[in-house]
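Participant: For reference, the file coords.csv (CSV, C-alpha atoms) is included below:
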chain,number,residue,atom,x,y,z
X,18,MET,CA,38.1,2.8,-54.4
X,19,ASP,CA,41.3,3.1,-52.5
X,20,SER,CA,43.4,6.3,-52.1
X,21,SER,CA,45.8,5.2,-55.0
X,22,GLN,CA,42.9,4.7,-57.4
X,23,ARG,CA,41.4,8.1,-56.4
X,24,LYS,CA,44.7,9.8,-56.9
X,25,TRP,CA,45.1,8.4,-60.5
X,26,LEU,CA,41.4,9.2,-61.2
X,27,PHE,CA,42.0,12.8,-60.2
X,28,ILE,CA,45.2,12.9,-62.3
X,29,SER,CA,43.5,11.4,-65.4
X,30,VAL,CA,40.3,13.5,-65.2
X,31,GLY,CA,42.3,16.7,-64.2
X,32,PHE,CA,44.7,16.3,-67.2
X,33,SER,CA,41.8,15.7,-69.6
X,34,LEU,CA,39.9,18.7,-68.3
X,35,LEU,CA,43.0,20.9,-68.6
X,36,VAL,CA,43.5,19.8,-72.2
X,37,LEU,CA,39.8,20.4,-73.1
X,38,VAL,CA,39.9,23.9,-71.6
X,39,ILE,CA,43.0,24.7,-73.7
X,40,ILE,CA,41.3,23.3,-76.8
X,41,LEU,CA,38.2,25.4,-76.2
X,42,PHE,CA,40.3,28.5,-75.6
X,43,PHE,CA,41.9,28.2,-79.0
X,44,THR,CA,38.8,27.1,-80.9
X,45,ILE,CA,35.9,29.1,-79.6
X,46,ASN,CA,35.2,32.4,-81.5
X,47,GLU,CA,32.3,34.6,-82.5
X,48,ASN,CA,30.9,31.9,-84.8
X,49,THR,CA,30.7,29.2,-82.1
X,50,LEU,CA,27.4,30.5,-80.7
X,51,THR,CA,25.8,30.3,-84.1
X,52,TYR,CA,26.8,26.6,-84.3
X,53,ILE,CA,25.6,25.9,-80.8
X,54,LYS,CA,22.1,27.2,-81.7
X,55,GLU,CA,21.9,24.5,-84.3
X,56,ILE,CA,22.5,21.6,-81.9
X,57,ASN,CA,20.0,18.8,-82.2
X,58,PRO,CA,19.7,17.2,-78.7
X,59,LEU,CA,18.0,14.1,-80.2
X,60,PHE,CA,21.1,13.0,-82.0
X,61,LEU,CA,23.2,13.7,-78.9
X,62,LEU,CA,20.9,11.5,-76.9
X,63,LEU,CA,21.1,8.8,-79.7
X,64,ALA,CA,24.9,9.0,-79.3
X,65,PHE,CA,24.7,8.2,-75.6
X,66,LEU,CA,22.3,5.3,-76.3
X,67,THR,CA,24.6,4.0,-79.1
X,68,HIS,CA,27.5,4.0,-76.6
X,69,VAL,CA,25.4,2.0,-74.1
X,70,LEU,CA,24.6,-0.4,-76.9
X,71,THR,CA,28.3,-0.7,-77.5
X,72,MET,CA,28.7,-1.8,-73.9
X,73,CYS,CA,25.9,-4.3,-74.4
X,74,PHE,CA,27.9,-5.8,-77.3
X,75,TRP,CA,30.9,-6.1,-75.0
X,76,ALA,CA,28.7,-7.9,-72.4
X,77,TRP,CA,27.3,-10.3,-74.9
X,78,ARG,CA,30.8,-11.1,-76.1
X,79,ILE,CA,31.8,-12.0,-72.6
X,80,GLN,CA,28.6,-14.0,-72.0
X,81,LYS,CA,29.0,-16.0,-75.3
X,82,MET,CA,32.7,-16.7,-74.9
X,83,THR,CA,32.2,-17.8,-71.3
X,84,GLY,CA,29.2,-19.9,-72.2
X,85,SER,CA,31.1,-21.7,-74.9
X,86,LEU,CA,33.4,-23.0,-72.1
X,87,GLY,CA,30.4,-24.3,-70.2
X,88,TYR,CA,29.9,-21.5,-67.7
X,89,ARG,CA,26.4,-19.8,-67.4
X,90,ILE,CA,26.5,-16.1,-66.5
X,91,GLY,CA,23.6,-13.7,-66.8
X,92,PHE,CA,23.7,-10.9,-69.3
X,93,PHE,CA,23.2,-8.2,-66.6
X,94,TYR,CA,26.0,-9.6,-64.5
X,95,CYS,CA,28.2,-9.3,-67.6
X,96,LEU,CA,27.0,-5.8,-68.3
X,97,ASN,CA,27.8,-4.7,-64.7
X,98,LEU,CA,31.2,-6.4,-65.1
X,99,VAL,CA,31.8,-4.3,-68.2
X,100,PHE,CA,30.8,-1.1,-66.4
X,101,ALA,CA,33.1,-1.9,-63.4
X,102,ASN,CA,36.0,-2.4,-65.9
X,103,LEU,CA,35.4,1.1,-67.3
X,104,LEU,CA,36.4,2.9,-64.1
X,105,ALA,CA,39.7,1.0,-63.8
X,106,ALA,CA,40.4,1.4,-67.5
X,107,ALA,CA,39.9,5.2,-67.2
X,108,VAL,CA,42.8,5.6,-64.7
X,109,THR,CA,45.4,3.3,-66.3
X,110,PRO,CA,47.6,3.6,-69.4
X,111,ALA,CA,46.3,1.6,-72.4
X,112,GLN,CA,43.2,1.0,-70.3
X,113,ALA,CA,45.0,-2.0,-68.9
X,114,GLY,CA,43.4,-1.7,-65.5
X,115,GLY,CA,40.2,-3.1,-66.8
X,116,GLU,CA,41.5,-6.6,-67.4
X,117,PRO,CA,42.1,-7.5,-63.7
X,118,VAL,CA,38.6,-6.3,-62.9
X,119,ARG,CA,37.0,-8.5,-65.6
X,120,VAL,CA,39.1,-11.5,-64.5
X,121,HIS,CA,38.1,-10.9,-60.8
X,122,GLU,CA,34.4,-10.6,-61.6
X,123,LEU,CA,34.4,-13.7,-63.8
X,124,TYR,CA,36.2,-15.5,-60.9
X,125,LYS,CA,33.4,-14.4,-58.5
X,126,ALA,CA,31.0,-15.9,-61.0
X,127,ASP,CA,32.6,-19.3,-60.4
X,128,VAL,CA,34.8,-19.2,-63.5
X,129,PRO,CA,38.3,-20.7,-62.7
X,130,LEU,CA,41.0,-18.1,-62.7
X,131,GLY,CA,42.9,-19.6,-65.6
X,132,ASP,CA,39.7,-19.8,-67.7
X,133,ALA,CA,38.8,-16.2,-66.8
X,134,THR,CA,42.3,-15.0,-67.7
X,135,ALA,CA,42.1,-16.8,-71.0
X,136,ILE,CA,38.7,-15.2,-71.8
X,137,VAL,CA,40.0,-11.7,-71.0
X,138,ILE,CA,43.2,-12.1,-73.0
X,139,MET,CA,41.3,-13.6,-75.9
X,140,GLU,CA,39.2,-10.4,-75.9
X,141,ARG,CA,42.3,-8.3,-76.4
X,142,VAL,CA,43.4,-10.6,-79.2
X,143,LEU,CA,40.1,-10.3,-80.9
X,144,ASP,CA,40.2,-6.5,-80.5
X,145,GLY,CA,43.6,-6.4,-82.2
X,146,VAL,CA,42.4,-8.7,-85.0
X,147,ILE,CA,39.3,-6.7,-85.7
X,148,LEU,CA,41.1,-3.3,-85.6
X,149,ALA,CA,43.8,-4.6,-87.9
X,150,ALA,CA,41.1,-6.0,-90.3
X,151,LEU,CA,39.2,-2.7,-90.2
X,152,ALA,CA,42.4,-0.7,-90.8
X,153,ALA,CA,43.3,-2.9,-93.8
X,154,PHE,CA,39.8,-2.5,-95.1
X,155,ALA,CA,40.0,1.3,-94.7
X,156,MET,CA,43.4,1.3,-96.4
X,157,VAL,CA,42.1,-0.5,-99.5
X,158,VAL,CA,38.6,1.0,-99.8
X,159,LEU,CA,39.0,4.5,-98.2
X,160,THR,CA,42.2,5.5,-99.8
X,161,ASP,CA,41.2,9.2,-100.2
X,162,GLN,CA,40.2,9.5,-96.6
X,163,TRP,CA,43.5,8.0,-95.4
X,164,LYS,CA,45.5,10.4,-97.7
X,165,SER,CA,43.6,13.4,-96.4
X,166,LEU,CA,45.1,12.7,-92.9
X,167,GLY,CA,48.7,12.7,-94.1
X,168,ALA,CA,51.6,10.7,-92.8
X,169,VAL,CA,50.0,10.0,-89.4
X,170,SER,CA,47.6,7.5,-91.0
X,171,GLU,CA,50.5,5.4,-92.4
X,172,VAL,CA,52.3,5.4,-89.1
X,173,MET,CA,49.1,4.2,-87.3
X,174,VAL,CA,48.7,1.3,-89.8
X,175,PHE,CA,52.2,0.0,-89.1
X,176,VAL,CA,51.6,0.4,-85.3
X,177,THR,CA,48.4,-1.6,-85.7
X,178,TRP,CA,50.2,-4.5,-87.4
X,179,ILE,CA,53.0,-4.4,-84.8
X,180,PHE,CA,50.4,-4.5,-82.0
X,181,VAL,CA,48.6,-7.5,-83.6
X,182,ALA,CA,51.9,-9.3,-84.3
X,183,GLY,CA,53.0,-8.8,-80.7
X,184,SER,CA,49.6,-10.1,-79.4
X,185,ILE,CA,49.7,-13.2,-81.6
X,186,PHE,CA,53.3,-13.9,-80.5
X,187,LEU,CA,52.5,-13.7,-76.8
X,188,PHE,CA,49.4,-15.8,-77.4
X,189,TYR,CA,51.6,-18.4,-79.2
X,190,LEU,CA,54.1,-18.5,-76.4
X,191,ALA,CA,51.3,-19.0,-73.8
X,192,VAL,CA,49.7,-21.9,-75.8
X,193,ARG,CA,52.6,-23.6,-77.5
X,194,ARG,CA,55.5,-22.8,-75.1
X,195,PRO,CA,53.9,-22.7,-71.6
X,196,ASP,CA,57.3,-23.9,-70.1
X,197,THR,CA,58.9,-20.7,-71.4
X,198,VAL,CA,56.2,-18.6,-69.9
X,199,LYS,CA,56.6,-20.5,-66.6
X,200,ARG,CA,60.3,-19.8,-66.5
X,201,ILE,CA,59.8,-16.1,-67.2
X,202,CYS,CA,57.1,-15.9,-64.6
X,203,LYS,CA,59.3,-17.7,-62.1
X,204,ARG,CA,62.2,-15.4,-62.6
X,205,CYS,CA,60.0,-12.3,-62.3
X,206,THR,CA,58.4,-13.7,-59.1
X,207,ILE,CA,61.8,-14.4,-57.5
X,208,SER,CA,63.2,-10.9,-58.4
X,209,LEU,CA,60.0,-9.1,-57.1
X,210,THR,CA,59.5,-11.1,-53.9
X,211,LYS,CA,63.0,-11.2,-52.4
X,212,LYS,CA,61.5,-10.1,-49.0
X,213,TRP,CA,58.9,-12.9,-49.0
X,214,GLU,CA,59.3,-16.2,-47.1
X,215,ASN,CA,60.5,-19.1,-49.3
X,216,LYS,CA,57.3,-21.1,-48.6
X,217,ARG,CA,55.2,-18.2,-49.7
X,218,VAL,CA,57.2,-17.7,-52.9
X,219,GLU,CA,57.0,-21.4,-53.8
X,220,LYS,CA,53.3,-21.5,-53.2
X,221,PHE,CA,52.8,-18.5,-55.4
X,222,ILE,CA,55.0,-20.0,-58.2
X,223,ALA,CA,53.1,-23.3,-58.0
X,224,ARG,CA,49.7,-21.5,-58.3
X,225,ALA,CA,51.0,-19.5,-61.2
X,226,ASP,CA,52.1,-22.7,-63.0
X,227,ARG,CA,48.7,-24.2,-62.4
X,228,GLU,CA,47.0,-21.2,-63.9
X,229,ILE,CA,49.3,-21.1,-66.9
X,230,ASP,CA,48.3,-24.8,-67.5
X,231,ASN,CA,44.6,-23.8,-67.1
X,232,PHE,CA,45.1,-21.0,-69.6
X,233,GLN,CA,46.7,-23.3,-72.1
X,234,ASN,CA,43.9,-25.9,-71.8
X,235,THR,CA,41.2,-23.2,-72.1
X,236,THR,CA,42.8,-21.7,-75.1
X,237,ILE,CA,43.0,-25.1,-76.8
X,238,ARG,CA,39.3,-25.5,-76.0
X,239,PHE,CA,38.6,-22.2,-77.7
X,240,VAL,CA,40.4,-23.3,-80.8
X,241,HIS,CA,38.9,-26.8,-80.9
X,242,THR,CA,35.7,-27.6,-78.9
X,243,ALA,CA,34.6,-24.0,-78.1
X,244,ARG,CA,35.1,-22.4,-81.6
X,245,ASN,CA,31.6,-21.1,-81.5
X,246,GLY,CA,32.8,-18.8,-78.6
X,247,LEU,CA,35.5,-17.4,-80.9
X,248,LEU,CA,33.0,-16.8,-83.7
X,249,TRP,CA,30.5,-15.1,-81.4
X,250,GLY,CA,33.5,-13.1,-80.0
X,251,LEU,CA,34.5,-11.9,-83.4
X,252,LEU,CA,31.0,-10.9,-84.3
X,253,PHE,CA,30.4,-8.9,-81.1
X,254,THR,CA,33.9,-7.4,-81.3
X,255,LEU,CA,33.1,-6.2,-84.8
X,256,LEU,CA,29.7,-4.8,-83.7
X,257,TYR,CA,31.5,-3.1,-80.7
X,258,TRP,CA,34.0,-1.2,-82.8
X,259,VAL,CA,31.5,-0.2,-85.5
X,260,SER,CA,29.1,1.0,-82.9
X,261,GLU,CA,31.8,3.0,-81.2
X,262,ILE,CA,32.9,4.6,-84.5
X,263,VAL,CA,29.3,5.5,-85.4
X,264,THR,CA,28.9,7.4,-82.1
X,265,ALA,CA,31.2,10.1,-83.3
X,266,SER,CA,29.2,10.6,-86.5
X,267,LEU,CA,26.0,10.9,-84.4
X,268,ILE,CA,27.6,13.7,-82.3
X,269,LEU,CA,28.6,15.5,-85.5
X,270,VAL,CA,25.0,15.4,-86.8
X,271,GLY,CA,23.8,16.6,-83.4
X,272,LEU,CA,26.0,19.6,-83.8
X,273,GLY,CA,24.6,20.4,-87.2
X,274,GLN,CA,27.6,19.0,-89.1
X,275,PRO,CA,27.8,16.4,-91.9
X,276,PRO,CA,28.2,12.9,-90.4
X,277,LEU,CA,31.6,12.4,-92.1
X,278,ILE,CA,31.0,8.7,-91.9
X,279,LEU,CA,34.0,7.6,-94.0
X,280,GLU,CA,36.4,10.2,-92.6
X,281,SER,CA,35.2,9.5,-89.1
X,282,PHE,CA,35.7,5.8,-89.6
X,283,VAL,CA,39.3,6.3,-90.4
X,284,ILE,CA,39.9,8.9,-87.6
X,285,GLN,CA,38.2,6.7,-85.0
X,286,LEU,CA,40.4,3.8,-86.0
X,287,ILE,CA,43.5,5.8,-85.5
X,288,LEU,CA,42.3,7.1,-82.2
X,289,ALA,CA,41.4,3.6,-81.0
X,290,ILE,CA,45.0,2.5,-81.8
X,291,LEU,CA,46.5,5.5,-80.1
X,292,MET,CA,44.4,4.9,-77.0
X,293,MET,CA,45.7,1.3,-76.7
X,294,MET,CA,49.2,2.6,-76.2
X,295,PRO,CA,50.4,3.0,-72.6
X,296,LEU,CA,51.0,6.7,-72.8
X,297,THR,CA,48.8,8.4,-70.2
X,298,PRO,CA,46.2,7.2,-67.7
X,299,GLY,CA,42.9,6.6,-69.6
X,300,SER,CA,44.6,8.1,-72.7
X,301,SER,CA,43.9,11.6,-71.2
X,302,GLY,CA,45.2,14.4,-73.4
X,303,ILE,CA,46.1,12.0,-76.2
X,304,ALA,CA,42.5,11.4,-77.2
X,305,GLU,CA,41.5,15.1,-77.0
X,306,VAL,CA,44.5,16.4,-78.9
X,307,GLY,CA,44.3,13.6,-81.6
X,308,ALA,CA,40.6,14.1,-82.2
X,309,THR,CA,41.0,17.9,-82.4
X,310,THR,CA,43.9,17.7,-84.8
X,311,MET,CA,42.2,15.3,-87.2
X,312,TYR,CA,38.6,16.5,-87.1
X,313,ALA,CA,39.8,20.1,-87.6
X,314,LEU,CA,40.6,19.1,-91.1
X,315,PHE,CA,36.9,18.5,-91.9
X,316,ILE,CA,34.8,20.7,-89.6
X,317,PRO,CA,35.0,24.4,-88.8
X,318,ALA,CA,37.4,25.4,-86.0
X,319,SER,CA,34.5,27.2,-84.3
X,320,ILE,CA,32.8,23.9,-83.5
X,321,VAL,CA,35.6,21.4,-83.3
X,322,GLY,CA,36.3,22.1,-79.6
X,323,ILE,CA,32.7,21.7,-78.7
X,324,PHE,CA,32.6,18.4,-80.6
X,325,VAL,CA,35.7,17.0,-78.8
X,326,VAL,CA,34.2,18.0,-75.4
X,327,ILE,CA,30.9,16.1,-76.1
X,328,TRP,CA,32.7,13.2,-77.7
X,329,ARG,CA,35.0,12.8,-74.8
X,330,PHE,CA,32.1,13.2,-72.3
X,331,VAL,CA,30.2,10.4,-74.0
X,332,LEU,CA,33.1,8.0,-74.3
X,333,TYR,CA,35.1,8.9,-71.2
X,334,TYR,CA,33.3,10.8,-68.5
X,335,PHE,CA,30.1,8.8,-69.0
X,336,ASN,CA,32.2,5.6,-68.6
X,337,ILE,CA,33.6,6.9,-65.3
X,338,ALA,CA,30.1,7.5,-64.0
X,339,LEU,CA,29.0,4.0,-65.1
X,340,GLY,CA,32.1,2.6,-63.5
X,341,ILE,CA,31.4,4.3,-60.2
X,342,LEU,CA,27.7,3.1,-60.2
X,343,SER,CA,28.8,-0.4,-61.0
X,344,SER,CA,31.5,-0.3,-58.2
X,345,ILE,CA,28.8,0.6,-55.7
X,346,ILE,CA,26.7,-2.3,-56.9
X,347,ILE,CA,29.6,-4.7,-56.4
X,348,VAL,CA,30.5,-3.3,-53.0
X,349,ARG,CA,26.9,-3.8,-51.9
X,350,ARG,CA,26.9,-7.3,-53.4
X,351,GLU,CA,30.1,-8.2,-51.5
X,352,ALA,CA,28.7,-6.7,-48.3
X,353,GLY,CA,25.6,-8.9,-48.7
X,354,LYS,CA,27.8,-11.9,-49.5
X,355,THR,CA,25.8,-12.7,-52.6
X,356,ASP,CA,28.7,-14.4,-54.3
X,357,LYS,CA,26.8,-16.2,-57.1
X,358,PRO,CA,25.3,-14.0,-59.8
X,359,PRO,CA,21.8,-14.7,-61.0
X,360,VAL,CA,21.6,-16.8,-64.2
X,361,SER,CA,19.4,-15.6,-67.0
Please rewrite the model in this file as structure tokens.
Facilitator:
Amino acid sequence: MDSSQRKWLFISVGFSLLVLVIILFFTINENTLTYIKEINPLFLLLAFLTHVLTMCFWAWRIQKMTGSLGYRIGFFYCLNLVFANLLAAAVTPAQAGGEPVRVHELYKADVPLGDATAIVIMERVLDGVILAALAAFAMVVLTDQWKSLGAVSEVMVFVTWIFVAGSIFLFYLAVRRPDTVKRICKRCTISLTKKWENKRVEKFIARADREIDNFQNTTIRFVHTARNGLLWGLLFTLLYWVSEIVTASLILVGLGQPPLILESFVIQLILAILMMMPLTPGSSGIAEVGATTMYALFIPASIVGIFVVIWRFVLYYFNIALGILSSIIIVRREAGKTDKPPVS
């Protein structure tokens, strides 16, 4: 991890901790100790294990989508790839830093850069599709739970559809209008590389054009000959988000509270959409305040702060720990020059 990454990690974690301290200050009272005595550590452990299972669903999604294009990558390599992505995602707005890490690790596994990029972008598209579908399902079936959250829920639904529409439009341009994307890429490259030598700029543009073509070809393969990769991707994306949503209910039960399965389903959908917006590094502060505000409508104020701390620890700080561990593994791998991952 370089100095810039460390700086943003400290900023992200520091801001998150500051917000959590403020939340605890305003929510802890004389009744908090009574609730703490009712904590069931078994369910808290189960929440951690469920979150790890969530990461496994992500790894299986990458493995299946990559396999449908003819590349064989072992599950544990994919899992380590996912863990490595978590650290970068924790220090960048909208968790966007994780995408380059996944592309890089797929490239190190002998997946061409264009194919790796197509896989990672397709993951984002599938995330948007599943979140939109879950939001639509919740709007139709869980009407009372949406209404209980007020106007914020309606705003989040519109944001979801805008996000999905934007993703589909960019996806359409990359597949059906690659020349347009190439022109935009060329203009951006020229404006950002004015101090480069002409030969270097031309070489970069030529490589970008090749990768755009590779991306288009790979995407067409996904739609036609590798459709099973998309189907597996949709399945594991659905399992990923359902598992992530269930984690919050397990934490609630561990704190002696009702699971609030339906309410938590809606709240976690809203939080997932919020955390995809490029607002703060790793969505620090946004996630904590959003969870506190909405869960306070359903659980006692005395325990809501403790819940948010544990929830954030499982889904954020634990991710950072996994990311650091994975980064160490990758550094040792690179130092040993073991470029090709084991196939299993």
Participant: I need the residue nearest Thr254 (chain X) from this list: X:Glu228, X:Asp132, X:Asp144, X:Glu55. Use all atoms listed in the file for the distance.
Facilitator: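 Nearest candidate to Thr254 (chain X) out of X:Glu228, X:Asp132, X:Asp144, X:Glu55: X:Asp144.
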Participant: Report, in Å to a single decimal, how far apart CA of Ile323 (chain X) and CA of Ser300 (chain X) are.
Facilitator: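 So the two atoms, CA of Ser300 (chain X) and CA of Ile323 (chain X), lie 19.0 Å apart.
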Participant: Can you pull out every residue within 8 Å of region 188-203 of chain X, counting only C-alpha atoms, but drop anything in the same chain fewer than 3 positions away, and send it as a ChimeraX atom specification?
Facilitator: /X:184-185,206-207,222,225-226,229-230,232-233,236-237
Participant: Next, dump the selected residues to file, keeping only C-alpha atoms, as a compact mmCIF listing (two decimals), in the frame of the given file.
Facilitator:
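Heads up, here's the output in part.txt:
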# COMPACT_ATOMS: atom_id res chain seq x y z
CA SER X 184 49.60 -10.10 -79.40
CA ILE X 185 49.70 -13.20 -81.60
CA THR X 206 58.40 -13.70 -59.10
CA ILE X 207 61.80 -14.40 -57.50
CA ILE X 222 55.00 -20.00 -58.20
CA ALA X 225 51.00 -19.50 -61.20
CA ASP X 226 52.10 -22.70 -63.00
CA ILE X 229 49.30 -21.10 -66.90
CA ASP X 230 48.30 -24.80 -67.50
CA PHE X 232 45.10 -21.00 -69.60
CA GLN X 233 46.70 -23.30 -72.10
CA THR X 236 42.80 -21.70 -75.10
CA ILE X 237 43.00 -25.10 -76.80
Participant: Please tell me which residues are no farther than 12 Å from (40.3, 14.9, -67.0) in the file, counting all atoms listed in the file, and write them as number ranges by chain.
Facilitator: X: 25-38, 107-108, 297-305, 326, 329-330, 333-334, 337
Participant: Which residue is closest to Lys125 (chain X)? Choose from X:Leu98, X:Leu277, X:Ile262, X:Leu103 and count all atoms listed in the file.
Facilitator: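 Of the candidates, the smallest distance to Lys125 (chain X) is held by X:Leu98.
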